[in-house]
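So this one's query_12.csv, CSV, C-alpha atoms and all ligand atoms:
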chain,number,residue,atom,x,y,z
C,2,MET,CA,-28.6,11.0,9.0
C,3,LYS,CA,-26.4,13.2,6.9
C,4,ILE,CA,-22.7,13.9,6.5
C,5,LYS,CA,-22.0,17.2,8.3
C,6,SER,CA,-18.3,17.8,7.6
C,7,VAL,CA,-15.5,16.4,5.5
C,8,GLU,CA,-12.0,17.5,6.7
C,9,ALA,CA,-8.7,16.7,5.1
C,10,ILE,CA,-5.6,16.9,7.2
C,11,ALA,CA,-2.1,16.6,5.6
C,12,ILE,CA,0.4,15.4,8.1
C,13,CYS,CA,4.2,15.1,8.4
C,14,ILE,CA,5.9,12.9,11.0
C,15,ASP,CA,9.7,13.1,11.1
C,16,ALA,CA,11.6,10.0,11.9
C,17,ASP,CA,13.3,9.9,15.3
C,18,PRO,CA,16.9,10.7,14.7
C,19,ASP,CA,18.0,7.5,16.5
C,20,SER,CA,15.5,5.1,15.0
C,21,PRO,CA,16.7,2.4,12.6
C,22,SER,CA,16.5,3.5,8.9
C,23,LEU,CA,14.2,1.7,6.5
C,24,MET,CA,16.9,1.5,4.0
C,25,ALA,CA,20.3,0.0,4.6
C,26,ARG,CA,22.6,2.3,2.8
C,27,GLY,CA,26.3,2.9,3.1
C,28,GLY,CA,28.4,5.9,2.2
C,29,SER,CA,27.6,9.6,2.4
C,30,ALA,CA,28.2,10.7,-1.1
C,31,GLN,CA,26.7,14.1,-2.3
C,32,LEU,CA,23.1,13.5,-3.2
C,33,SER,CA,21.5,14.8,-6.4
C,34,PRO,CA,18.4,16.9,-6.0
C,35,VAL,CA,16.3,13.9,-7.0
C,36,ASP,CA,18.0,11.6,-4.5
C,37,ALA,CA,17.7,14.2,-1.8
C,38,LEU,CA,14.0,14.4,-2.3
C,39,ARG,CA,13.8,10.6,-2.3
C,40,MET,CA,15.8,10.4,0.9
C,41,ARG,CA,13.6,13.1,2.5
C,42,ASN,CA,10.6,11.0,1.6
C,43,PHE,CA,12.1,8.0,3.3
C,44,ALA,CA,12.9,9.9,6.5
C,45,ARG,CA,9.4,11.5,6.8
C,46,HIS,CA,6.0,10.0,6.9
C,47,GLN,CA,3.6,12.2,5.0
C,48,THR,CA,0.1,11.5,4.0
C,49,CYS,CA,-3.4,13.0,4.0
C,50,LEU,CA,-5.9,11.9,6.6
C,51,VAL,CA,-9.6,12.4,6.1
C,52,ARG,CA,-12.2,13.0,9.0
C,53,ILE,CA,-15.9,12.7,8.2
C,54,GLU,CA,-18.6,13.5,10.8
C,55,THR,CA,-22.3,13.1,10.6
C,56,ASP,CA,-25.0,15.3,12.1
C,57,THR,CA,-25.5,12.6,14.7
C,58,GLY,CA,-21.9,12.9,15.8
C,59,ALA,CA,-20.6,9.7,14.3
C,60,VAL,CA,-17.0,10.0,13.1
C,61,GLY,CA,-14.8,8.1,10.6
C,62,TRP,CA,-11.2,8.4,9.6
C,63,GLY,CA,-9.6,7.6,6.2
C,64,GLU,CA,-6.4,8.2,4.3
C,65,GLY,CA,-5.6,9.2,0.8
C,66,GLN,CA,-2.0,8.4,0.3
C,67,GLU,CA,0.5,10.8,-1.2
C,68,ALA,CA,3.9,10.8,0.4
C,69,THR,CA,5.5,13.8,-1.3
C,70,ALA,CA,2.7,16.4,-1.6
C,71,PRO,CA,-0.2,15.4,0.8
C,72,ARG,CA,-1.5,19.0,0.7
C,73,VAL,CA,-2.5,18.4,-3.0
C,74,ILE,CA,-4.9,15.7,-1.7
C,75,ARG,CA,-6.2,18.1,1.0
C,76,THR,CA,-6.9,20.8,-1.6
C,77,ILE,CA,-8.7,18.4,-3.9
C,78,ILE,CA,-10.9,17.2,-1.0
C,79,GLU,CA,-11.6,20.7,0.2
C,80,ASP,CA,-12.4,22.2,-3.2
C,81,ILE,CA,-13.9,19.4,-5.2
C,82,CYS,CA,-14.9,16.4,-3.0
C,83,ALA,CA,-16.3,17.9,0.2
C,84,PRO,CA,-19.1,19.9,-1.6
C,85,MET,CA,-20.3,16.7,-3.3
C,86,VAL,CA,-20.2,14.6,-0.1
C,87,ILE,CA,-21.6,16.9,2.6
C,88,GLY,CA,-25.3,16.4,3.0
C,89,ARG,CA,-25.3,12.8,1.8
C,90,ASN,CA,-26.2,9.7,3.7
C,91,PRO,CA,-22.9,8.0,4.6
C,92,PHE,CA,-24.3,4.6,3.8
C,93,ASP,CA,-24.5,5.6,0.1
C,94,ILE,CA,-20.7,4.8,-0.2
C,95,GLU,CA,-20.7,3.5,-3.8
C,96,ALA,CA,-23.0,6.2,-5.0
C,97,ILE,CA,-20.8,8.9,-3.4
C,98,TRP,CA,-17.7,7.3,-5.1
C,99,ALA,CA,-19.4,7.1,-8.5
C,100,ASP,CA,-20.7,10.7,-8.4
C,101,GLN,CA,-17.2,12.0,-7.5
C,102,TYR,CA,-15.5,9.9,-10.2
C,103,GLN,CA,-18.0,11.0,-12.8
C,104,PHE,CA,-17.6,14.6,-11.9
C,105,LEU,CA,-14.1,15.0,-13.4
C,106,ARG,CA,-14.2,12.1,-15.9
C,107,GLU,CA,-14.7,14.2,-19.0
C,108,ALA,CA,-11.8,16.4,-17.9
C,109,GLY,CA,-9.5,13.3,-17.9
C,110,HIS,CA,-8.9,13.0,-14.2
C,111,LEU,CA,-9.2,9.3,-14.2
C,112,THR,CA,-6.3,8.3,-12.0
C,113,GLY,CA,-3.5,9.9,-9.8
C,114,PHE,CA,-4.1,12.5,-7.1
C,115,TYR,CA,-7.8,12.8,-7.8
C,116,ILE,CA,-8.5,9.1,-7.1
C,117,ASP,CA,-6.2,9.2,-4.1
C,118,ALA,CA,-8.5,11.9,-2.7
C,119,LEU,CA,-11.6,9.7,-3.4
C,120,ALA,CA,-9.8,6.8,-1.6
C,121,GLY,CA,-9.4,8.9,1.5
C,122,ILE,CA,-13.1,9.7,1.6
C,123,ASP,CA,-14.1,6.1,0.8
C,124,LEU,CA,-11.9,4.8,3.7
C,125,ALA,CA,-13.4,7.4,6.1
C,126,LEU,CA,-16.9,6.4,5.2
C,127,TYR,CA,-16.3,2.7,5.8
C,128,ASP,CA,-14.7,3.5,9.1
C,129,LEU,CA,-17.7,5.7,10.0
C,130,ILE,CA,-20.2,3.0,9.1
C,131,GLY,CA,-18.2,0.4,11.0
C,132,ASN,CA,-18.2,2.6,14.1
C,133,LEU,CA,-22.0,3.3,13.7
C,134,THR,CA,-22.9,-0.4,13.3
C,135,ASP,CA,-20.3,-1.7,15.7
C,136,GLN,CA,-18.9,-3.9,13.0
C,137,PRO,CA,-15.4,-4.3,11.6
C,138,VAL,CA,-15.1,-3.0,8.1
C,139,HIS,CA,-14.5,-6.5,6.5
C,140,ARG,CA,-18.0,-7.5,7.6
C,141,LEU,CA,-19.3,-4.5,5.6
C,142,LEU,CA,-17.4,-5.7,2.6
C,143,GLY,CA,-18.8,-9.2,2.4
C,144,GLY,CA,-17.5,-10.9,5.5
C,145,ARG,CA,-14.5,-12.7,6.9
C,146,MET,CA,-12.7,-15.1,4.7
C,147,ARG,CA,-9.7,-15.7,7.1
C,148,ASP,CA,-8.7,-15.1,10.7
C,149,ARG,CA,-5.0,-14.1,10.0
C,150,LEU,CA,-3.1,-12.5,7.2
C,151,LYS,CA,0.5,-13.5,6.5
C,152,ALA,CA,2.6,-10.4,6.2
C,153,TYR,CA,5.9,-9.7,4.5
C,154,ALA,CA,8.2,-7.0,5.8
C,155,GLY,CA,9.8,-4.6,3.3
C,156,ILE,CA,13.5,-4.0,3.7
C,157,GLY,CA,16.0,-2.5,1.3
C,158,GLY,CA,19.3,-1.1,0.3
C,159,GLY,CA,22.2,-1.5,-2.0
C,160,ASP,CA,24.6,-3.3,0.3
C,161,PRO,CA,24.6,-7.1,0.6
C,162,ASP,CA,25.9,-7.4,4.2
C,163,ALA,CA,23.7,-4.6,5.6
C,164,THR,CA,20.6,-6.0,3.9
C,165,ALA,CA,21.3,-9.5,5.1
C,166,GLU,CA,21.7,-8.1,8.6
C,167,MET,CA,18.4,-6.2,8.4
C,168,ALA,CA,16.8,-9.4,7.0
C,169,ALA,CA,18.0,-11.4,9.9
C,170,ASP,CA,16.6,-8.8,12.4
C,171,HIS,CA,13.2,-9.1,10.8
C,172,VAL,CA,13.2,-12.9,11.0
C,173,THR,CA,14.0,-12.5,14.7
C,174,ASP,CA,11.0,-10.3,14.9
C,175,GLY,CA,8.9,-13.2,13.6
C,176,PHE,CA,8.6,-12.5,9.8
C,177,ARG,CA,8.7,-15.5,7.5
C,178,ALA,CA,8.5,-13.4,4.4
C,179,LEU,CA,10.6,-10.5,3.3
C,180,LYS,CA,10.6,-8.1,0.3
C,181,LEU,CA,13.9,-6.6,-0.8
C,182,HIS,CA,13.7,-3.2,-2.4
C,183,ILE,CA,16.6,-3.2,-4.9
C,184,SER,CA,16.3,-0.3,-7.2
C,185,ARG,CA,18.9,1.1,-9.6
C,186,GLN,CA,21.3,-1.8,-9.2
C,187,SER,CA,22.8,-4.0,-11.9
C,188,ASN,CA,21.5,-7.6,-12.2
C,189,ASP,CA,24.8,-8.9,-10.8
C,190,ARG,CA,24.5,-6.6,-7.8
C,191,CYS,CA,20.9,-7.5,-7.3
C,192,VAL,CA,21.8,-11.2,-7.3
C,193,GLU,CA,24.6,-10.6,-4.9
C,194,ILE,CA,22.3,-8.9,-2.4
C,195,VAL,CA,19.6,-11.7,-2.7
C,196,ARG,CA,22.3,-14.4,-2.4
C,197,ALA,CA,23.6,-12.7,0.8
C,198,VAL,CA,20.1,-12.5,2.3
C,199,ARG,CA,19.3,-16.1,1.3
C,200,ALA,CA,22.5,-17.4,2.9
C,201,ARG,CA,21.7,-15.5,6.1
C,202,VAL,CA,18.0,-16.4,6.5
C,203,GLY,CA,18.0,-19.9,5.0
C,204,GLU,CA,15.6,-21.5,2.6
C,205,ASP,CA,12.4,-21.4,4.7
C,206,VAL,CA,12.0,-17.6,4.5
C,207,GLU,CA,10.0,-16.4,1.5
C,208,LEU,CA,11.8,-13.7,-0.4
C,209,MET,CA,10.5,-11.3,-2.9
C,210,VAL,CA,12.4,-8.7,-5.0
C,211,ASP,CA,11.1,-5.3,-6.0
C,212,VAL,CA,13.2,-3.5,-8.7
C,213,HIS,CA,10.9,-0.5,-8.9
C,214,ILE,CA,10.3,-0.4,-12.7
C,215,GLY,CA,14.0,-0.3,-13.2
C,216,LYS,CA,14.6,-2.9,-16.0
C,217,ASP,CA,13.8,-3.2,-19.7
C,218,VAL,CA,12.1,-6.4,-20.8
C,219,SER,CA,15.3,-8.3,-21.7
C,220,GLU,CA,17.2,-7.4,-18.5
C,221,ALA,CA,14.1,-8.3,-16.3
C,222,ILE,CA,13.9,-11.8,-17.9
C,223,LYS,CA,17.6,-12.4,-17.4
C,224,LEU,CA,17.3,-11.2,-13.8
C,225,GLY,CA,14.2,-13.3,-13.1
C,226,ARG,CA,15.9,-16.5,-14.3
C,227,ARG,CA,18.7,-15.9,-11.8
C,228,LEU,CA,16.3,-15.1,-9.0
C,229,GLU,CA,14.4,-18.3,-9.7
C,230,ASP,CA,17.6,-20.2,-8.8
C,231,LEU,CA,17.5,-18.4,-5.4
C,232,ASN,CA,13.9,-19.5,-4.9
C,233,VAL,CA,12.5,-16.0,-5.0
C,234,GLN,CA,8.7,-15.9,-4.8
C,235,TRP,CA,8.1,-12.9,-7.0
C,236,LEU,CA,9.8,-10.2,-9.0
C,237,GLU,CA,7.9,-6.9,-8.5
C,238,SER,CA,7.5,-3.9,-10.8
C,239,PRO,CA,10.1,-5.2,-13.3
C,240,THR,CA,9.5,-2.7,-16.1
C,241,ALA,CA,7.8,0.5,-17.3
C,242,PRO,CA,4.3,0.9,-15.8
C,243,GLU,CA,3.0,2.1,-19.2
C,244,ASP,CA,3.9,-1.2,-20.9
C,245,PRO,CA,1.6,-4.1,-20.0
C,246,TYR,CA,2.7,-6.0,-23.1
C,247,GLY,CA,6.4,-5.9,-22.1
C,248,SER,CA,5.4,-7.0,-18.6
C,249,ALA,CA,3.4,-9.9,-20.3
C,250,ASP,CA,6.5,-11.0,-22.1
C,251,ILE,CA,8.4,-11.1,-18.8
C,252,ALA,CA,5.6,-13.0,-17.1
C,253,ARG,CA,5.4,-15.5,-19.9
C,254,ALA,CA,9.2,-16.1,-19.9
C,255,LEU,CA,9.5,-16.7,-16.1
C,256,ASP,CA,8.2,-19.3,-13.6
C,257,LEU,CA,8.4,-17.0,-10.6
C,258,GLN,CA,5.5,-14.6,-10.1
C,259,ILE,CA,5.4,-11.1,-11.6
C,260,ALA,CA,3.8,-8.8,-9.0
C,261,SER,CA,2.7,-5.5,-10.3
C,262,GLY,CA,0.2,-2.7,-10.4
C,263,GLU,CA,0.7,-0.4,-7.4
C,264,TRP,CA,0.4,2.6,-9.7
C,265,LEU,CA,-3.0,1.5,-11.0
C,266,ARG,CA,-6.1,2.9,-9.3
C,267,THR,CA,-9.3,1.8,-11.0
C,268,ALA,CA,-10.7,-1.4,-12.4
C,269,TRP,CA,-10.7,0.2,-15.9
C,270,GLN,CA,-6.9,0.5,-15.6
C,271,TRP,CA,-6.5,-3.0,-14.3
C,272,ARG,CA,-8.5,-4.4,-17.1
C,273,GLU,CA,-5.8,-3.6,-19.6
C,274,PHE,CA,-3.1,-5.4,-17.5
C,275,LEU,CA,-5.3,-8.4,-16.9
C,276,GLU,CA,-6.3,-8.8,-20.5
C,277,ALA,CA,-2.6,-8.6,-21.5
C,278,HIS,CA,-1.7,-11.3,-18.9
C,279,ALA,CA,0.9,-8.8,-17.7
C,280,LEU,CA,1.2,-10.1,-14.1
C,281,ASP,CA,0.7,-13.1,-11.8
C,282,VAL,CA,0.0,-11.2,-8.6
C,283,ALA,CA,-2.0,-7.9,-8.4
C,284,MET,CA,-1.0,-5.2,-6.0
C,285,PRO,CA,-3.8,-2.7,-5.5
C,286,ASP,CA,-3.0,0.1,-3.1
C,287,ILE,CA,-6.1,0.6,-0.9
C,288,SER,CA,-5.2,4.2,0.0
C,289,ARG,CA,-4.9,5.0,-3.7
C,290,SER,CA,-7.9,3.1,-4.9
C,291,GLY,CA,-10.2,3.1,-1.9
C,292,LEU,CA,-12.0,0.0,-0.6
C,293,THR,CA,-15.0,0.3,-2.9
C,294,GLU,CA,-12.8,0.2,-6.0
C,295,SER,CA,-10.2,-2.2,-4.6
C,296,LYS,CA,-13.0,-4.7,-4.0
C,297,ARG,CA,-14.1,-4.4,-7.6
C,298,ILE,CA,-10.4,-4.8,-8.7
C,299,ALA,CA,-10.1,-8.0,-6.5
C,300,GLN,CA,-13.2,-9.4,-8.1
C,301,LEU,CA,-12.0,-8.6,-11.6
C,302,CYS,CA,-8.6,-10.2,-10.8
C,303,ASP,CA,-10.4,-13.3,-9.4
C,304,THR,CA,-12.1,-13.8,-12.8
C,305,TYR,CA,-8.6,-13.9,-14.3
C,306,ASN,CA,-7.5,-16.4,-11.6
C,307,ILE,CA,-5.0,-13.8,-10.3
C,308,PRO,CA,-4.3,-13.4,-6.5
C,309,VAL,CA,-4.1,-10.0,-4.9
C,310,THR,CA,-1.7,-8.6,-2.3
C,311,PRO,CA,-2.5,-5.2,-0.9
C,312,HIS,CA,0.4,-2.7,-1.5
C,313,VAL,CA,1.0,-0.5,1.5
C,314,GLY,CA,4.3,1.2,0.6
C,315,ARG,CA,4.3,4.8,1.9
C,316,GLY,CA,0.8,4.4,3.4
C,317,GLY,CA,0.2,5.2,7.0
C,318,THR,CA,-1.6,3.4,9.7
C,319,MET,CA,-5.1,4.0,8.3
C,320,ALA,CA,-3.9,2.7,4.9
C,321,LEU,CA,-2.5,-0.4,6.6
C,322,ALA,CA,-5.7,-1.0,8.7
C,323,ALA,CA,-7.8,-0.7,5.5
C,324,SER,CA,-5.5,-3.1,3.7
C,325,ILE,CA,-6.0,-5.6,6.6
C,326,GLN,CA,-9.8,-5.3,6.3
C,327,PHE,CA,-9.5,-5.8,2.5
C,328,GLY,CA,-7.3,-8.8,2.9
C,329,ALA,CA,-9.7,-10.3,5.4
C,330,THR,CA,-12.6,-10.3,3.0
C,331,VAL,CA,-11.3,-11.1,-0.5
C,332,PRO,CA,-11.1,-14.8,-1.6
C,333,ASN,CA,-8.0,-14.4,-3.7
C,334,PHE,CA,-5.7,-12.8,-1.0
C,335,GLN,CA,-2.1,-13.9,-1.1
C,336,ILE,CA,-0.1,-11.9,1.5
C,337,ILE,CA,0.0,-8.3,2.8
C,338,GLU,CA,2.9,-5.8,2.9
C,339,HIS,CA,4.1,-4.3,6.1
C,340,MET,CA,6.8,-1.6,6.6
C,341,HIS,CA,7.8,-2.9,10.1
C,342,ARG,CA,10.7,-0.5,10.7
C,343,VAL,CA,8.6,2.6,10.4
C,344,HIS,CA,5.4,1.2,11.9
C,345,GLU,CA,5.8,3.0,15.2
C,346,GLN,CA,6.7,6.3,13.5
C,347,ARG,CA,3.6,6.1,11.3
C,348,SER,CA,1.4,5.1,14.2
C,349,LYS,CA,2.0,8.1,16.3
C,350,ILE,CA,-1.4,9.4,15.3
C,351,CYS,CA,-3.3,6.7,17.0
C,352,THR,CA,-3.6,4.9,20.4
C,353,VAL,CA,-5.1,1.6,19.1
C,354,TYR,CA,-3.8,0.1,15.8
C,355,PRO,CA,-3.0,-3.3,14.3
C,356,SER,CA,0.5,-4.7,14.7
C,357,PRO,CA,1.8,-8.0,13.5
C,358,VAL,CA,2.1,-11.0,15.8
C,359,ASP,CA,4.8,-13.5,14.6
C,360,GLY,CA,4.6,-12.1,11.1
C,361,GLU,CA,0.8,-12.2,10.8
C,362,PHE,CA,-2.0,-9.7,11.3
C,363,LEU,CA,-4.9,-11.0,13.3
C,364,VAL,CA,-8.4,-10.2,11.9
C,365,THR,CA,-10.4,-8.9,14.9
C,366,ASP,CA,-13.9,-7.8,15.7
C,367,THR,CA,-12.8,-4.3,16.6
C,368,PRO,CA,-15.4,-1.9,14.9
C,369,GLY,CA,-14.5,0.2,11.9
C,370,MET,CA,-10.9,0.0,10.7
C,371,GLY,CA,-9.7,-1.2,14.1
C,372,VAL,CA,-7.8,2.1,14.8
C,373,THR,CA,-8.4,4.7,17.5
C,374,ILE,CA,-7.2,8.0,16.2
C,375,ASP,CA,-5.5,10.5,18.6
C,376,GLU,CA,-7.0,13.6,17.2
C,377,ASP,CA,-4.7,16.0,19.1
C,378,ALA,CA,-1.7,14.1,17.8
C,379,VAL,CA,-3.1,14.3,14.2
C,380,ARG,CA,-3.5,18.1,14.5
C,381,GLY,CA,0.0,18.4,16.0
C,382,TYR,CA,1.4,16.8,12.9
C,383,ALA,CA,-0.7,18.8,10.5
C,384,ILE,CA,1.2,20.8,7.8
C,401,MG,MG,6.6,-1.9,-5.3

Here is the file; what I need is its structure written in the form of C-alpha cells.
Amino acid sequence: MKIKSVEAIAICIDADPDSPSLMARGGSAQLSPVDALRMRNFARHQTCLVRIETDTGAVGWGEGQEATAPRVIRTIIEDICAPMVIGRNPFDIEAIWADQYQFLREAGHLTGFYIDALAGIDLALYDLIGNLTDQPVHRLLGGRMRDRLKAYAGIGGGDPDATAEMAADHVTDGFRALKLHISRQSNDRCVEIVRAVRARVGEDVELMVDVHIGKDVSEAIKLGRRLEDLNVQWLESPTAPEDPYGSADIARALDLQIASGEWLRTAWQWREFLEAHALDVAMPDISRSGLTESKRIAQLCDTYNIPVTPHVGRGGTMALAASIQFGATVPNFQIIEHMHRVHEQRSKICTVYPSPVDGEFLVTDTPGMGVTIDEDAVRGYAI
C-alpha cells in the first residue's frame, strides 16, 4: 500500500452575523490596522486541512493550523512535503515526519509554518491509519489512559460585566473551568475582570487567565500574586516567548501554575524551557506540532514532572479531535482547551465530530480522529 495523493486545502468560514462573539467587547472605536486584522481573525475561521489517500482508496484528514495565512501551509505542502510523502507506506509515520524535518533543517526551518505543515500531514496519516485499522487514534499512540477529558472554555474581553455574563453562560452550558483571555490590560483592570467573573460563577469554577505574552517579569509576578488571592489556577503566557529565564523567575516567585508554550513546536524547543524550569504546565498545540512530535514532547515533559494541556486556540475541528486523541493517551494530561462559542462555526466542515458533554469530552472507540469530514463542505469553504 502506498500514498497516492496529498492535498492541502486552505479554508475560510465566516462567522454567522447573528452568532455570539467569542470576545466580549464594548465600544466601536476606530480600529488600527493591526487591531482590524486581529478582529478579522476572530470573526473568521481559517486553517489548512490536509487530505491523504492511498492507492487502496483509504483516506485520512489532518489540519495544519494557521489562522491568518493558511495558504502558506498549502504552498509548503504542495511544493515541499507532498513530493516526499507520495509513494510512501502510510504506516511509516515517524519516518515520514523525520525525513521532512531533516530536509529543511540545514536551512533553518526548524519551527513556524514549516512544522505546521508537517503537523497537518502527520494528523492526516494518523486518521488514515485509524480508519484503515478500525481503531481510534489514541489506540495507535499507546492506548487509552482515561475515558473523559475535562475541558475548559475560553472566553475573553476587556469588560468585567460582559465577561462575567459570558462566564455565567458557559457555566450554564456545563463548563466547570474557564479561561479568561485578558490581553493588553493593566494589572488593575485584569484583577477587576477576574474579580467580576469570580463573584458571578462562585468558588467552585476553575479559572485560568491568559495575558498573551503581555507582561514584563516584574508586572507578571505582581499580577500573579493578586490572581492567587482570587484562586486562579494558572497564569498563561505571562511574558516574552523568547525568554525562558524570565518565565522561570515568574514561575519561581508564584504558587499558581505558569502555563506556557503554545508557540513551541518541537521537543528541541521545549527542552530549553523545561531545563530552565520556565513553566508548570506545558501547552503543546497538536495542529502546530503534530501527534508524533507532541507525544515526544509529552514524554519529555513527564520526565520533568510537568503536566500537559493541549492548546487548541484557533485550531479547527480536526485540531480539536487530534487534541482529544492526544489527551486520551498521555499519562500527564491536565485539562483540554475548547472554544465553545465558535465550535459550530468551525465544525461546518464535518457531519460527525466531538462535542463536550457537561464540560467534558468523552473518549470513544470511533475510528481515526472520530470526525466524519463533509468533503463538499470543505471544498465550498476553500480559498
Ligand atoms: Mg494562550

Each residue of chain C with at least one atom at most 12 Å from ligand MG 401 (chain C) should appear once, together with its nearest atom pair and the corresponding distance in Å (one decimal); atoms considered: all atoms listed in the file; ordering: chain, then increasing residue number; output as a tab-separated table.
residue	atom	partner	partner_atom	distance
C:Gly155	CA	C:MG401	MG	9.6
C:Ile156	CA	C:MG401	MG	11.5
C:Gly157	CA	C:MG401	MG	11.5
C:Lys180	CA	C:MG401	MG	9.3
C:Leu181	CA	C:MG401	MG	9.8
C:His182	CA	C:MG401	MG	7.8
C:Ile183	CA	C:MG401	MG	10.1
C:Ser184	CA	C:MG401	MG	10.0
C:Met209	CA	C:MG401	MG	10.5
C:Val210	CA	C:MG401	MG	8.9
C:Asp211	CA	C:MG401	MG	5.7
C:Val212	CA	C:MG401	MG	7.6
C:His213	CA	C:MG401	MG	5.8
C:Ile214	CA	C:MG401	MG	8.4
C:Gly215	CA	C:MG401	MG	10.9
C:Trp235	CA	C:MG401	MG	11.2
C:Leu236	CA	C:MG401	MG	9.6
C:Glu237	CA	C:MG401	MG	6.1
C:Ser238	CA	C:MG401	MG	5.9
C:Pro239	CA	C:MG401	MG	9.3
C:Thr240	CA	C:MG401	MG	11.2
C:Pro242	CA	C:MG401	MG	11.1
C:Ile259	CA	C:MG401	MG	11.2
C:Ala260	CA	C:MG401	MG	8.3
C:Ser261	CA	C:MG401	MG	7.3
C:Gly262	CA	C:MG401	MG	8.2
C:Glu263	CA	C:MG401	MG	6.4
C:Trp264	CA	C:MG401	MG	8.8
C:Leu265	CA	C:MG401	MG	11.7
C:Val282	CA	C:MG401	MG	11.9
C:Ala283	CA	C:MG401	MG	10.9
C:Met284	CA	C:MG401	MG	8.3
C:Pro285	CA	C:MG401	MG	10.4
C:Asp286	CA	C:MG401	MG	10.0
C:Thr310	CA	C:MG401	MG	11.1
C:Pro311	CA	C:MG401	MG	10.6
C:His312	CA	C:MG401	MG	7.3
C:Val313	CA	C:MG401	MG	8.9
C:Gly314	CA	C:MG401	MG	7.1
C:Arg315	CA	C:MG401	MG	10.1
C:Glu338	CA	C:MG401	MG	9.8
C:His339	CA	C:MG401	MG	11.9
C:Met340	CA	C:MG401	MG	11.9

File dump, residues just selected, C-alpha atoms, as a compact mmCIF listing (two decimals), in the frame of the given file:
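Writing the result to again-v3.txt gives the following:
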# COMPACT_ATOMS: atom_id res chain seq x y z
CA GLY C 155 9.80 -4.60 3.30
CA ILE C 156 13.50 -4.00 3.70
CA GLY C 157 16.00 -2.50 1.30
CA LYS C 180 10.60 -8.10 0.30
CA LEU C 181 13.90 -6.60 -0.80
CA HIS C 182 13.70 -3.20 -2.40
CA ILE C 183 16.60 -3.20 -4.90
CA SER C 184 16.30 -0.30 -7.20
CA MET C 209 10.50 -11.30 -2.90
CA VAL C 210 12.40 -8.70 -5.00
CA ASP C 211 11.10 -5.30 -6.00
CA VAL C 212 13.20 -3.50 -8.70
CA HIS C 213 10.90 -0.50 -8.90
CA ILE C 214 10.30 -0.40 -12.70
CA GLY C 215 14.00 -0.30 -13.20
CA TRP C 235 8.10 -12.90 -7.00
CA LEU C 236 9.80 -10.20 -9.00
CA GLU C 237 7.90 -6.90 -8.50
CA SER C 238 7.50 -3.90 -10.80
CA PRO C 239 10.10 -5.20 -13.30
CA THR C 240 9.50 -2.70 -16.10
CA PRO C 242 4.30 0.90 -15.80
CA ILE C 259 5.40 -11.10 -11.60
CA ALA C 260 3.80 -8.80 -9.00
CA SER C 261 2.70 -5.50 -10.30
CA GLY C 262 0.20 -2.70 -10.40
CA GLU C 263 0.70 -0.40 -7.40
CA TRP C 264 0.40 2.60 -9.70
CA LEU C 265 -3.00 1.50 -11.00
CA VAL C 282 0.00 -11.20 -8.60
CA ALA C 283 -2.00 -7.90 -8.40
CA MET C 284 -1.00 -5.20 -6.00
CA PRO C 285 -3.80 -2.70 -5.50
CA ASP C 286 -3.00 0.10 -3.10
CA THR C 310 -1.70 -8.60 -2.30
CA PRO C 311 -2.50 -5.20 -0.90
CA HIS C 312 0.40 -2.70 -1.50
CA VAL C 313 1.00 -0.50 1.50
CA GLY C 314 4.30 1.20 0.60
CA ARG C 315 4.30 4.80 1.90
CA GLU C 338 2.90 -5.80 2.90
CA HIS C 339 4.10 -4.30 6.10
CA MET C 340 6.80 -1.60 6.60

Point-to-point distance from atom CA of Ala59 of chain C to atom CA of Arg147 of chain C, Å rounded to tenths: 28.6 Å

Within 10 Å of Trp98 of chain C, counting all atoms listed in the file, which residues show up once you throw out same-chain ones fewer than 3 positions away? Write them as a CSV table (one decimal) with C-alpha atoms, in the coordinates of the input, please.
chain,number,residue,atom,x,y,z
C,82,CYS,CA,-14.9,16.4,-3.0
C,85,MET,CA,-20.3,16.7,-3.3
C,86,VAL,CA,-20.2,14.6,-0.1
C,93,ASP,CA,-24.5,5.6,0.1
C,94,ILE,CA,-20.7,4.8,-0.2
C,95,GLU,CA,-20.7,3.5,-3.8
C,101,GLN,CA,-17.2,12.0,-7.5
C,102,TYR,CA,-15.5,9.9,-10.2
C,103,GLN,CA,-18.0,11.0,-12.8
C,104,PHE,CA,-17.6,14.6,-11.9
C,116,ILE,CA,-8.5,9.1,-7.1
C,119,LEU,CA,-11.6,9.7,-3.4
C,120,ALA,CA,-9.8,6.8,-1.6
C,122,ILE,CA,-13.1,9.7,1.6
C,123,ASP,CA,-14.1,6.1,0.8
C,291,GLY,CA,-10.2,3.1,-1.9
C,293,THR,CA,-15.0,0.3,-2.9
C,294,GLU,CA,-12.8,0.2,-6.0

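For the atom pair formed by atom CA of Arg45 of chain C and atom CA of Gly317 of chain C, the distance is 11.2 Å, given to one decimal.
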
Separation of atom CA of Leu224 of chain C from atom CA of Asp256 of chain C in Å: 12.2 Å
